[in-house]
>>> print(open('run.pdb').read())   # PDB, C-alpha atoms
MODEL        1
ATOM      1  CA  GLU A   1      22.613-135.593-107.079
ATOM      2  CA  ARG A   2      21.393-132.205-108.353
ATOM      3  CA  GLU A   3      24.687-131.789-110.211
ATOM      4  CA  GLU A   4      23.389-134.386-112.658
ATOM      5  CA  PHE A   5      20.983-131.853-114.197
ATOM      6  CA  LEU A   6      22.176-128.464-112.879
ATOM      7  CA  TRP A   7      25.305-126.289-112.986
ATOM      8  CA  PHE A   8      26.097-124.216-109.884
ATOM      9  CA  THR A   9      27.796-120.844-109.557
ATOM     10  CA  LYS A  10      30.418-120.173-106.916
ATOM     11  CA  PRO A  11      28.962-119.340-103.470
ATOM     12  CA  TYR A  12      27.410-115.941-102.845
ATOM     13  CA  LYS A  13      26.798-116.491 -99.108
ATOM     14  CA  GLU A  14      28.002-118.860 -96.381
ATOM     15  CA  VAL A  15      26.107-119.491 -93.143
ATOM     16  CA  PHE A  16      25.966-122.147 -90.440
ATOM     17  CA  ASP A  17      23.445-124.152 -88.461
ATOM     18  CA  SER A  18      22.346-123.106 -84.992
ATOM     19  CA  ILE A  19      20.465-124.644 -82.074
ATOM     20  CA  VAL A  20      17.368-122.706 -81.024
ATOM     21  CA  VAL A  21      15.914-123.172 -77.522
ATOM     22  CA  ARG A  22      13.651-121.304 -75.102
ATOM     23  CA  ASP A  23      15.272-119.024 -72.567
ATOM     24  CA  ASP A  24      14.422-121.485 -69.792
ATOM     25  CA  MET A  25      16.337-124.346 -71.453
ATOM     26  CA  GLY A  26      19.761-123.388 -70.147
ATOM     27  CA  ALA A  27      20.909-127.010 -70.007
ATOM     28  CA  ILE A  28      21.105-127.168 -73.812
ATOM     29  CA  ARG A  29      24.386-125.748 -75.060
ATOM     30  CA  ARG A  30      25.555-128.218 -77.717
ATOM     31  CA  LEU A  31      24.171-130.932 -79.970
ATOM     32  CA  GLU A  32      24.824-133.721 -77.458
ATOM     33  CA  ASP A  33      22.527-131.952 -74.982
ATOM     34  CA  LEU A  34      19.600-132.739 -77.308
ATOM     35  CA  SER A  35      19.751-136.352 -76.153
ATOM     36  CA  LYS A  36      16.293-137.547 -74.998
ATOM     37  CA  ARG A  37      14.833-134.107 -75.786
ATOM     38  CA  LYS A  38      11.965-133.280 -78.143
ATOM     39  CA  VAL A  39      13.628-131.765 -81.218
ATOM     40  CA  ALA A  40      11.530-129.985 -83.850
ATOM     41  CA  MET A  41      12.523-130.487 -87.486
ATOM     42  CA  VAL A  42      11.161-129.419 -90.857
ATOM     43  CA  ARG A  43       9.838-132.331 -92.879
ATOM     44  CA  GLY A  44      12.061-132.896 -95.937
ATOM     45  CA  ASP A  45      15.017-130.861 -94.633
ATOM     46  CA  SER A  46      18.371-132.615 -95.087
ATOM     47  CA  LEU A  47      18.961-132.195 -91.343
ATOM     48  CA  THR A  48      16.263-134.806 -90.693
ATOM     49  CA  LEU A  49      18.698-137.349 -92.142
ATOM     50  CA  LEU A  50      21.906-135.950 -90.662
ATOM     51  CA  LEU A  51      20.987-134.977 -87.098
ATOM     52  CA  PRO A  52      19.773-138.456 -85.986
ATOM     53  CA  ASN A  53      23.221-139.813 -86.866
ATOM     54  CA  ARG A  54      24.732-137.349 -84.385
ATOM     55  CA  VAL A  55      22.011-137.547 -81.711
ATOM     56  CA  PRO A  56      20.224-140.878 -82.232
ATOM     57  CA  ASP A  57      18.222-140.890 -78.997
ATOM     58  CA  ALA A  58      16.436-137.546 -79.396
ATOM     59  CA  ASP A  59      12.671-137.534 -79.967
ATOM     60  CA  TYR A  60      12.282-135.910 -83.396
ATOM     61  CA  VAL A  61       8.984-134.126 -84.136
ATOM     62  CA  LEU A  62       8.339-133.126 -87.776
ATOM     63  CA  PHE A  63       6.563-129.973 -88.948
ATOM     64  CA  ASP A  64       5.688-128.637 -92.392
ATOM     65  CA  SER A  65       7.435-125.251 -92.155
ATOM     66  CA  TYR A  66      10.182-123.368 -90.337
ATOM     67  CA  LYS A  67       7.532-121.098 -88.822
ATOM     68  CA  GLU A  68       5.720-124.055 -87.235
ATOM     69  CA  THR A  69       9.030-125.508 -86.082
ATOM     70  CA  LEU A  70      10.188-122.370 -84.273
ATOM     71  CA  LYS A  71       6.742-121.719 -82.797
ATOM     72  CA  SER A  72       6.626-125.256 -81.387
ATOM     73  CA  VAL A  73       9.776-124.480 -79.399
ATOM     74  CA  ALA A  74       8.480-121.089 -78.271
ATOM     75  CA  VAL A  75       5.221-122.505 -76.873
ATOM     76  CA  GLY A  76       6.834-125.539 -75.243
ATOM     77  CA  LYS A  77       5.594-128.305 -77.559
ATOM     78  CA  THR A  78       9.240-129.162 -78.269
ATOM     79  CA  ASP A  79      12.510-128.381 -76.505
ATOM     80  CA  ALA A  80      14.764-127.252 -79.347
ATOM     81  CA  THR A  81      15.363-127.154 -83.083
ATOM     82  CA  VAL A  82      18.382-126.946 -85.358
ATOM     83  CA  VAL A  83      18.094-124.573 -88.326
ATOM     84  CA  GLU A  84      20.276-122.282 -90.388
ATOM     85  CA  LEU A  85      21.169-119.126 -88.477
ATOM     86  CA  PRO A  86      19.583-116.647 -90.941
ATOM     87  CA  VAL A  87      16.301-118.583 -90.834
ATOM     88  CA  ALA A  88      16.340-118.680 -87.023
ATOM     89  CA  GLY A  89      17.074-114.963 -86.715
ATOM     90  CA  TYR A  90      14.473-113.955 -89.292
ATOM     91  CA  MET A  91      11.702-116.093 -87.829
ATOM     92  CA  LYS A  92      12.412-114.961 -84.268
ATOM     93  CA  HIS A  93      12.138-111.306 -85.301
ATOM     94  CA  GLN A  94       9.283-111.679 -87.806
ATOM     95  CA  TYR A  95       6.961-113.524 -85.420
ATOM     96  CA  SER A  96       8.093-111.887 -82.139
ATOM     97  CA  LEU A  97       9.321-115.170 -80.663
ATOM     98  CA  ASN A  98      11.136-113.242 -77.979
ATOM     99  CA  ASN A  99      11.525-116.167 -75.581
ATOM    100  CA  LEU A 100      13.801-118.008 -78.013
ATOM    101  CA  ARG A 101      17.572-118.092 -77.667
ATOM    102  CA  ILE A 102      19.901-118.893 -80.562
ATOM    103  CA  ILE A 103      23.003-120.966 -79.813
ATOM    104  CA  SER A 104      25.263-120.724 -82.820
ATOM    105  CA  ASP A 105      27.541-122.569 -84.483
ATOM    106  CA  VAL A 106      27.000-126.304 -84.287
ATOM    107  CA  GLY A 107      29.431-127.110 -87.086
ATOM    108  CA  LYS A 108      28.789-128.798 -90.409
ATOM    109  CA  LEU A 109      26.720-131.922 -89.875
ATOM    110  CA  GLY A 110      27.780-134.715 -92.183
ATOM    111  CA  GLY A 111      29.995-132.337 -94.135
ATOM    112  CA  ARG A 112      26.894-130.389 -95.203
ATOM    113  CA  ASP A 113      27.761-127.596 -97.630
ATOM    114  CA  MET A 114      26.493-124.392 -95.996
ATOM    115  CA  ARG A 115      27.288-122.151 -98.950
ATOM    116  CA  TYR A 116      24.451-120.730-101.058
ATOM    117  CA  ARG A 117      24.820-120.829-104.843
ATOM    118  CA  LEU A 118      22.693-120.065-107.888
ATOM    119  CA  ALA A 119      21.683-123.087-109.980
ATOM    120  CA  VAL A 120      21.542-123.068-113.789
ATOM    121  CA  ARG A 121      19.961-125.622-116.120
ATOM    122  CA  LYS A 122      22.474-128.047-117.598
ATOM    123  CA  ASP A 123      22.248-126.828-121.209
ATOM    124  CA  TRP A 124      23.048-123.228-120.214
ATOM    125  CA  GLN A 125      26.616-123.610-118.914
ATOM    126  CA  ILE A 126      27.671-120.240-120.363
ATOM    127  CA  LEU A 127      25.212-118.542-117.990
ATOM    128  CA  VAL A 128      27.309-119.704-115.019
ATOM    129  CA  ALA A 129      30.294-117.651-116.222
ATOM    130  CA  ILE A 130      28.040-114.662-116.970
ATOM    131  CA  LEU A 131      26.457-114.754-113.512
ATOM    132  CA  GLU A 132      29.799-115.122-111.755
ATOM    133  CA  LYS A 133      31.179-112.077-113.557
ATOM    134  CA  ALA A 134      28.092-110.110-112.531
ATOM    135  CA  MET A 135      28.469-111.395-108.944
ATOM    136  CA  ASP A 136      32.087-110.191-108.848
ATOM    137  CA  SER A 137      31.027-106.756-110.082
ATOM    138  CA  LEU A 138      28.625-106.109-107.177
ATOM    139  CA  SER A 139      30.046-103.768-104.561
ATOM    140  CA  TYR A 140      29.811-103.984-100.773
ATOM    141  CA  GLY A 141      27.547-100.933-100.854
ATOM    142  CA  GLU A 142      25.077-102.759-103.111
ATOM    143  CA  LEU A 143      25.061-106.002-101.098
ATOM    144  CA  LYS A 144      24.937-104.603 -97.559
ATOM    145  CA  PRO A 145      21.311-103.338 -97.813
ATOM    146  CA  LEU A 146      20.201-106.890 -98.703
ATOM    147  CA  ASP A 147      21.854-108.307 -95.598
ATOM    148  CA  ASP A 148      20.519-105.497 -93.425
ATOM    149  CA  LYS A 149      16.980-106.110 -94.675
ATOM    150  CA  TRP A 150      16.881-109.897 -94.702
ATOM    151  CA  MET A 151      19.700-111.425 -92.696
ATOM    152  CA  SER A 152      21.229-108.974 -90.211
ATOM    153  CA  LEU A 153      24.547-110.826 -90.387
ATOM    154  CA  PRO A 154      28.001-109.219 -90.416
ATOM    155  CA  GLU A 155      29.568-108.987 -93.838
ATOM    156  CA  VAL A 156      33.210-108.452 -94.754
ATOM    157  CA  ALA A 157      33.813-105.590 -97.151
ATOM    158  CA  ARG A 158      34.804-106.760-100.621
ATOM    159  CA  GLU A 159      36.244-105.157-103.723
ATOM    160  CA  ALA A 160      34.045-105.099-106.806
ATOM    161  CA  SER A 161      35.617-105.997-110.139
ATOM    162  CA  GLU A 162      34.828-104.592-113.571
ATOM    163  CA  LEU A 163      32.200-106.552-115.487
ATOM    164  CA  VAL A 164      33.724-107.651-118.802
ATOM    165  CA  LEU A 165      31.801-110.176-120.902
ATOM    166  CA  THR A 166      33.170-112.075-123.875
ATOM    167  CA  GLU A 167      31.572-111.764-127.305
ATOM    168  CA  ASP A 168      30.012-115.229-126.891
ATOM    169  CA  GLU A 169      28.562-114.248-123.512
ATOM    170  CA  ARG A 170      27.082-111.020-124.881
ATOM    171  CA  SER A 171      25.607-112.907-127.838
ATOM    172  CA  TRP A 172      24.100-115.511-125.519
ATOM    173  CA  LEU A 173      22.439-112.839-123.382
ATOM    174  CA  ALA A 174      21.059-111.132-126.487
ATOM    175  CA  ALA A 175      19.548-114.446-127.592
ATOM    176  CA  HIS A 176      18.062-115.062-124.124
ATOM    177  CA  PRO A 177      16.588-111.725-122.994
ATOM    178  CA  THR A 178      14.314-113.423-120.454
ATOM    179  CA  ILE A 179      15.646-115.850-117.826
ATOM    180  CA  ARG A 180      13.051-117.369-115.497
ATOM    181  CA  LEU A 181      13.879-117.914-111.838
ATOM    182  CA  SER A 182      12.431-120.611-109.587
ATOM    183  CA  GLY A 183      12.775-120.908-105.813
ATOM    184  CA  ASP A 184      11.680-122.517-102.568
ATOM    185  CA  PRO A 185       8.095-121.514-101.638
ATOM    186  CA  ASP A 186       8.810-121.148 -97.892
ATOM    187  CA  TRP A 187      12.448-120.493 -96.923
ATOM    188  CA  LEU A 188      12.683-116.937 -95.616
ATOM    189  CA  PRO A 189      14.819-114.925 -95.305
ATOM    190  CA  LEU A 190      16.316-116.586 -98.375
ATOM    191  CA  GLU A 191      13.210-116.879-100.530
ATOM    192  CA  ALA A 192       9.455-117.499-100.477
ATOM    193  CA  PHE A 193       6.253-116.808-102.388
ATOM    194  CA  THR A 194       3.508-114.673-100.861
ATOM    195  CA  PRO A 195      -0.164-115.752-101.124
ATOM    196  CA  GLU A 196      -0.428-113.263-104.005
ATOM    197  CA  GLY A 197       2.406-115.012-105.851
ATOM    198  CA  ALA A 198       5.135-112.416-105.245
ATOM    199  CA  TYR A 199       8.662-113.843-105.008
ATOM    200  CA  ILE A 200      10.394-112.293-101.971
ATOM    201  CA  GLY A 201      13.631-112.702-100.009
ATOM    202  CA  ILE A 202      17.330-112.099-100.373
ATOM    203  CA  VAL A 203      17.694-114.456-103.377
ATOM    204  CA  PRO A 204      15.305-112.626-105.755
ATOM    205  CA  GLU A 205      16.703-109.258-104.707
ATOM    206  CA  TYR A 206      20.266-110.507-105.210
ATOM    207  CA  VAL A 207      19.373-111.862-108.648
ATOM    208  CA  ALA A 208      17.657-108.560-109.459
ATOM    209  CA  LEU A 209      20.975-106.797-108.773
ATOM    210  CA  LEU A 210      22.685-109.210-111.162
ATOM    211  CA  GLY A 211      20.027-108.596-113.785
ATOM    212  CA  LYS A 212      20.420-104.831-113.436
ATOM    213  CA  ARG A 213      24.187-105.156-113.818
ATOM    214  CA  LEU A 214      23.825-107.368-116.926
ATOM    215  CA  GLY A 215      21.259-105.051-118.478
TER
ENDMDL
END
>>> encode(input="run.pdb", output="structure tokens")
Amino acid sequence: EREEFLWFTKPYKEVFDSIVVRDDMGAIRRLEDLSKRKVAMVRGDSLTLLLPNRVPDADYVLFDSYKETLKSVAVGKTDATVVELPVAGYMKHQYSLNNLRIISDVGKLGGRDMRYRLAVRKDWQILVAILEKAMDSLSYGELKPLDDKWMSLPEVAREASELVLTEDERSWLAAHPTIRLSGDPDWLPLEAFTPEGAYIGIVPEYVALLGKRLG
């Protein structure tokens, strides 16, 4: 439904969902093992609609953030949660939830698209092509520090291409020297806003690389 008012670039990252349990919950190894268990979910997450179709008899407990969700599993309020692997890994490390165990890959629930893209307002279609050219020009050496800092996931080396913009694309950038970026307020390691209003995470740093490349 977002495609009605937004254009999307090609993916810049692909991840997958994972089950997170405590170390003492060895009986949970796959989604079906969540049956009749207390499963923590983030209120408003698309998984709250998809997971009950797969495991209808679980007891779903809703929280307001990923931090609360993971902590509820760690302290025994719930038995498990299902979140994106980068989020699970980041939260476990950031908040020293050392009694949590990540069981990865649970597949794509309901055909859920697990590829991250940049979104562009509908009247700026030319910016999609500009961003994709900048994305292609980023080298493995530039992208790896972002993954090391925020995601700690293996990345396949890729060849960077030369950034060549058309005359129309250069003119458009000259006419739009400032492009504002909006993001999710609480979705680390992807993105979040600190209490001071700073925008942090892999998304703003990735976009900063694109901005540096585009001048």
>>> closest_atom_pairs(input="run.pdb", of="segment 19-133 of chain A", to="segment 199-209 of chain A", cutoff="10 Å", atoms="all atoms listed in the file", output="JSON lines")
{"residue": "A:Tyr116", "atom": "CA", "partner": "A:Val203", "partner_atom": "CA", "distance": 9.5}
{"residue": "A:Arg117", "atom": "CA", "partner": "A:Val203", "partner_atom": "CA", "distance": 9.7}
{"residue": "A:Leu118", "atom": "CA", "partner": "A:Val203", "partner_atom": "CA", "distance": 8.8}
{"residue": "A:Leu131", "atom": "CA", "partner": "A:Val207", "partner_atom": "CA", "distance": 9.1}
>>> write_last_selection(input="run.pdb", atoms="C-alpha atoms", output="JSON list (two decimals), in the frame of the given file")
[["chain", "number", "residue", "atom", "x", "y", "z"],
["A", 116, "TYR", "CA", 24.45, -120.73, -101.06],
["A", 117, "ARG", "CA", 24.82, -120.83, -104.84],
["A", 118, "LEU", "CA", 22.69, -120.06, -107.89],
["A", 131, "LEU", "CA", 26.46, -114.75, -113.51]]
>>> resolve_selection(input="run.pdb", expression="the PyMOL selection byres ((chain A and resi 3) around 12)", output="PyMOL selection string")
chain A and resi 1-2+4-9+119-122
>>> residues_around(input="run.pdb", residues="Asp24 of chain A", least_positions_apart="2", cutoff="10 Å", atoms="only C-alpha atoms", output="PyMOL selection string")
chain A and resi 21-22+26-28+79+99-101
>>> resolve_selection(input="run.pdb", expression="the PyMOL selection byres ((chain A and resi 165-168) around 12)", output="list in words")
Ile126, Leu127, Ala129, Ile130, Leu131, Glu132, Lys133, Ala134, Ser137, Glu162, Leu163, Val164, Glu169, Arg170, Ser171, Trp172, Leu173, Ala174, Ala175, Arg213, Leu214 and Gly215 of chain A
>>> residues_around(input="run.pdb", residues="segment 93-98 of chain A", least_positions_apart="2", cutoff="12 Å", atoms="only C-alpha atoms", output="ChimeraX atom specification")
/A:20-23,66-76,86-91,100-102,149-152,188-189
>>> resolve_selection(input="run.pdb", expression="the PyMOL selection byres ((chain A and resi 30) around 10)", output="list in words")
Ser18, Ile19, Ala27, Ile28, Arg29, Leu31, Glu32, Asp33, Leu34, Ile103, Ser104, Asp105 and Val106 of chain A
>>> atom_distance(input="run.pdb", atom1="atom CA of Ala80 of chain A", atom2="atom CA of Val61 of chain A")
10.2 Å
>>> residues_around(input="run.pdb", residues="Gly107 of chain A", least_positions_apart="4", cutoff="12 Å", atoms="all atoms listed in the file", output="PyMOL selection string")
chain A and resi 15-19+30-31+51+54+82-85+103+111-114
>>> write_last_selection(input="run.pdb", atoms="C-alpha atoms", output="PDB file, in the frame of the given file")
ATOM      1  CA  VAL A  15      26.107-119.491 -93.143  1.00  0.00           C
ATOM      2  CA  PHE A  16      25.966-122.147 -90.440  1.00  0.00           C
ATOM      3  CA  ASP A  17      23.445-124.152 -88.461  1.00  0.00           C
ATOM      4  CA  SER A  18      22.346-123.106 -84.992  1.00  0.00           C
ATOM      5  CA  ILE A  19      20.465-124.644 -82.074  1.00  0.00           C
ATOM      6  CA  ARG A  30      25.555-128.218 -77.717  1.00  0.00           C
ATOM      7  CA  LEU A  31      24.171-130.932 -79.970  1.00  0.00           C
ATOM      8  CA  LEU A  51      20.987-134.977 -87.098  1.00  0.00           C
ATOM      9  CA  ARG A  54      24.732-137.349 -84.385  1.00  0.00           C
ATOM     10  CA  VAL A  82      18.382-126.946 -85.358  1.00  0.00           C
ATOM     11  CA  VAL A  83      18.094-124.573 -88.326  1.00  0.00           C
ATOM     12  CA  GLU A  84      20.276-122.282 -90.388  1.00  0.00           C
ATOM     13  CA  LEU A  85      21.169-119.126 -88.477  1.00  0.00           C
ATOM     14  CA  ILE A 103      23.003-120.966 -79.813  1.00  0.00           C
ATOM     15  CA  GLY A 111      29.995-132.337 -94.135  1.00  0.00           C
ATOM     16  CA  ARG A 112      26.894-130.389 -95.203  1.00  0.00           C
ATOM     17  CA  ASP A 113      27.761-127.596 -97.630  1.00  0.00           C
ATOM     18  CA  MET A 114      26.493-124.392 -95.996  1.00  0.00           C
TER      19      MET A 114
END
>>> residues_near_point(input="run.pdb", point="(22.0, -137.5, -77.7)", cutoff="6 Å", atoms="only C-alpha atoms", output="list in words")
Glu32, Leu34, Ser35, Val55, Pro56, Asp57 and Ala58 of chain A
>>> atom_distance(input="run.pdb", atom1="atom CA of Asp136 of chain A", atom2="atom CA of Asp186 of chain A")
28.0 Å
>>> atom_distance(input="run.pdb", atom1="atom CA of Asp45 of chain A", atom2="atom CA of Ala192 of chain A")
15.6 Å
>>> decode(input="run.pdb", residues="segment 122-134 of chain A", atoms="all heavy atoms", output="PDB file, in the first residue's frame")
ATOM      1  N   LYS A 122       6.676  10.387  -4.105  1.00  0.00           N
ATOM      2  CA  LYS A 122       6.188   9.995  -5.425  1.00  0.00           C
ATOM      3  C   LYS A 122       6.518  10.995  -6.530  1.00  0.00           C
ATOM      4  O   LYS A 122       6.670  10.605  -7.697  1.00  0.00           O
ATOM      5  CB  LYS A 122       4.665   9.792  -5.362  1.00  0.00           C
ATOM      6  CG  LYS A 122       4.115   8.858  -6.422  1.00  0.00           C
ATOM      7  CD  LYS A 122       4.554   7.421  -6.212  1.00  0.00           C
ATOM      8  CE  LYS A 122       3.836   6.469  -7.178  1.00  0.00           C
ATOM      9  NZ  LYS A 122       4.204   5.066  -6.955  1.00  0.00           N
ATOM     10  N   ASP A 123       6.656  12.266  -6.198  1.00  0.00           N
ATOM     11  CA  ASP A 123       6.939  13.272  -7.234  1.00  0.00           C
ATOM     12  C   ASP A 123       8.432  13.463  -7.478  1.00  0.00           C
ATOM     13  O   ASP A 123       8.824  14.360  -8.223  1.00  0.00           O
ATOM     14  CB  ASP A 123       6.291  14.620  -6.881  1.00  0.00           C
ATOM     15  CG  ASP A 123       6.750  15.157  -5.534  1.00  0.00           C
ATOM     16  OD1 ASP A 123       7.191  14.354  -4.688  1.00  0.00           O
ATOM     17  OD2 ASP A 123       6.672  16.385  -5.324  1.00  0.00           O
ATOM     18  N   TRP A 124       9.260  12.596  -6.883  1.00  0.00           N
ATOM     19  CA  TRP A 124      10.710  12.685  -7.072  1.00  0.00           C
ATOM     20  C   TRP A 124      11.259  11.392  -7.683  1.00  0.00           C
ATOM     21  O   TRP A 124      12.264  10.865  -7.242  1.00  0.00           O
ATOM     22  CB  TRP A 124      11.414  12.950  -5.735  1.00  0.00           C
ATOM     23  CG  TRP A 124      11.354  14.377  -5.286  1.00  0.00           C
ATOM     24  CD1 TRP A 124      10.625  15.402  -5.833  1.00  0.00           C
ATOM     25  CD2 TRP A 124      12.068  14.950  -4.180  1.00  0.00           C
ATOM     26  NE1 TRP A 124      10.821  16.559  -5.136  1.00  0.00           N
ATOM     27  CE2 TRP A 124      11.708  16.322  -4.120  1.00  0.00           C
ATOM     28  CE3 TRP A 124      12.956  14.440  -3.246  1.00  0.00           C
ATOM     29  CZ2 TRP A 124      12.222  17.183  -3.151  1.00  0.00           C
ATOM     30  CZ3 TRP A 124      13.465  15.294  -2.276  1.00  0.00           C
ATOM     31  CH2 TRP A 124      13.110  16.654  -2.237  1.00  0.00           C
ATOM     32  N   GLN A 125      10.644  10.867  -8.693  1.00  0.00           N
ATOM     33  CA  GLN A 125      11.055   9.577  -9.261  1.00  0.00           C
ATOM     34  C   GLN A 125      12.507   9.591  -9.729  1.00  0.00           C
ATOM     35  O   GLN A 125      13.216   8.582  -9.626  1.00  0.00           O
ATOM     36  CB  GLN A 125      10.136   9.188 -10.423  1.00  0.00           C
ATOM     37  CG  GLN A 125      10.443   7.799 -10.979  1.00  0.00           C
ATOM     38  CD  GLN A 125       9.470   7.364 -12.061  1.00  0.00           C
ATOM     39  OE1 GLN A 125       8.638   8.155 -12.509  1.00  0.00           O
ATOM     40  NE2 GLN A 125       9.559   6.120 -12.471  1.00  0.00           N
ATOM     41  N   ILE A 126      12.987  10.717 -10.226  1.00  0.00           N
ATOM     42  CA  ILE A 126      14.365  10.787 -10.727  1.00  0.00           C
ATOM     43  C   ILE A 126      15.367  10.498  -9.610  1.00  0.00           C
ATOM     44  O   ILE A 126      16.460   9.980  -9.865  1.00  0.00           O
ATOM     45  CB  ILE A 126      14.644  12.169 -11.366  1.00  0.00           C
ATOM     46  CG1 ILE A 126      15.967  12.139 -12.154  1.00  0.00           C
ATOM     47  CG2 ILE A 126      14.639  13.269 -10.322  1.00  0.00           C
ATOM     48  CD1 ILE A 126      16.213  13.409 -12.946  1.00  0.00           C
ATOM     49  N   LEU A 127      14.984  10.779  -8.360  1.00  0.00           N
ATOM     50  CA  LEU A 127      15.903  10.544  -7.244  1.00  0.00           C
ATOM     51  C   LEU A 127      16.165   9.050  -7.044  1.00  0.00           C
ATOM     52  O   LEU A 127      17.232   8.676  -6.563  1.00  0.00           O
ATOM     53  CB  LEU A 127      15.333  11.157  -5.959  1.00  0.00           C
ATOM     54  CG  LEU A 127      16.209  11.051  -4.698  1.00  0.00           C
ATOM     55  CD1 LEU A 127      17.589  11.656  -4.923  1.00  0.00           C
ATOM     56  CD2 LEU A 127      15.521  11.718  -3.506  1.00  0.00           C
ATOM     57  N   VAL A 128      15.225   8.196  -7.433  1.00  0.00           N
ATOM     58  CA  VAL A 128      15.436   6.755  -7.324  1.00  0.00           C
ATOM     59  C   VAL A 128      16.639   6.331  -8.165  1.00  0.00           C
ATOM     60  O   VAL A 128      17.528   5.609  -7.707  1.00  0.00           O
ATOM     61  CB  VAL A 128      14.177   5.973  -7.753  1.00  0.00           C
ATOM     62  CG1 VAL A 128      14.458   4.474  -7.748  1.00  0.00           C
ATOM     63  CG2 VAL A 128      13.010   6.285  -6.830  1.00  0.00           C
ATOM     64  N   ALA A 129      16.676   6.794  -9.423  1.00  0.00           N
ATOM     65  CA  ALA A 129      17.793   6.451 -10.312  1.00  0.00           C
ATOM     66  C   ALA A 129      19.105   7.016  -9.791  1.00  0.00           C
ATOM     67  O   ALA A 129      20.148   6.350  -9.839  1.00  0.00           O
ATOM     68  CB  ALA A 129      17.514   6.976 -11.716  1.00  0.00           C
ATOM     69  N   ILE A 130      19.068   8.250  -9.243  1.00  0.00           N
ATOM     70  CA  ILE A 130      20.277   8.861  -8.702  1.00  0.00           C
ATOM     71  C   ILE A 130      20.809   8.054  -7.516  1.00  0.00           C
ATOM     72  O   ILE A 130      22.003   7.744  -7.428  1.00  0.00           O
ATOM     73  CB  ILE A 130      19.985  10.319  -8.278  1.00  0.00           C
ATOM     74  CG1 ILE A 130      19.662  11.181  -9.509  1.00  0.00           C
ATOM     75  CG2 ILE A 130      21.168  10.908  -7.508  1.00  0.00           C
ATOM     76  CD1 ILE A 130      19.157  12.575  -9.162  1.00  0.00           C
ATOM     77  N   LEU A 131      19.915   7.695  -6.609  1.00  0.00           N
ATOM     78  CA  LEU A 131      20.324   6.921  -5.431  1.00  0.00           C
ATOM     79  C   LEU A 131      20.867   5.555  -5.808  1.00  0.00           C
ATOM     80  O   LEU A 131      21.860   5.084  -5.237  1.00  0.00           O
ATOM     81  CB  LEU A 131      19.145   6.768  -4.470  1.00  0.00           C
ATOM     82  CG  LEU A 131      18.711   8.028  -3.719  1.00  0.00           C
ATOM     83  CD1 LEU A 131      17.422   7.760  -2.941  1.00  0.00           C
ATOM     84  CD2 LEU A 131      19.799   8.507  -2.768  1.00  0.00           C
ATOM     85  N   GLU A 132      20.233   4.902  -6.776  1.00  0.00           N
ATOM     86  CA  GLU A 132      20.698   3.572  -7.170  1.00  0.00           C
ATOM     87  C   GLU A 132      22.078   3.624  -7.815  1.00  0.00           C
ATOM     88  O   GLU A 132      22.897   2.726  -7.617  1.00  0.00           O
ATOM     89  CB  GLU A 132      19.676   2.927  -8.106  1.00  0.00           C
ATOM     90  CG  GLU A 132      18.391   2.512  -7.377  1.00  0.00           C
ATOM     91  CD  GLU A 132      17.407   1.783  -8.263  1.00  0.00           C
ATOM     92  OE1 GLU A 132      17.557   1.852  -9.507  1.00  0.00           O
ATOM     93  OE2 GLU A 132      16.493   1.130  -7.714  1.00  0.00           O
ATOM     94  N   LYS A 133      22.358   4.675  -8.564  1.00  0.00           N
ATOM     95  CA  LYS A 133      23.701   4.826  -9.127  1.00  0.00           C
ATOM     96  C   LYS A 133      24.722   5.051  -8.015  1.00  0.00           C
ATOM     97  O   LYS A 133      25.833   4.503  -8.049  1.00  0.00           O
ATOM     98  CB  LYS A 133      23.732   5.979 -10.128  1.00  0.00           C
ATOM     99  CG  LYS A 133      22.993   5.690 -11.420  1.00  0.00           C
ATOM    100  CD  LYS A 133      23.072   6.858 -12.386  1.00  0.00           C
ATOM    101  CE  LYS A 133      22.355   6.532 -13.689  1.00  0.00           C
ATOM    102  NZ  LYS A 133      22.430   7.664 -14.647  1.00  0.00           N
ATOM    103  N   ALA A 134      24.350   5.849  -7.022  1.00  0.00           N
ATOM    104  CA  ALA A 134      25.251   6.074  -5.887  1.00  0.00           C
ATOM    105  C   ALA A 134      25.443   4.783  -5.094  1.00  0.00           C
ATOM    106  O   ALA A 134      26.552   4.475  -4.633  1.00  0.00           O
ATOM    107  CB  ALA A 134      24.698   7.176  -4.994  1.00  0.00           C
TER     108      ALA A 134
END
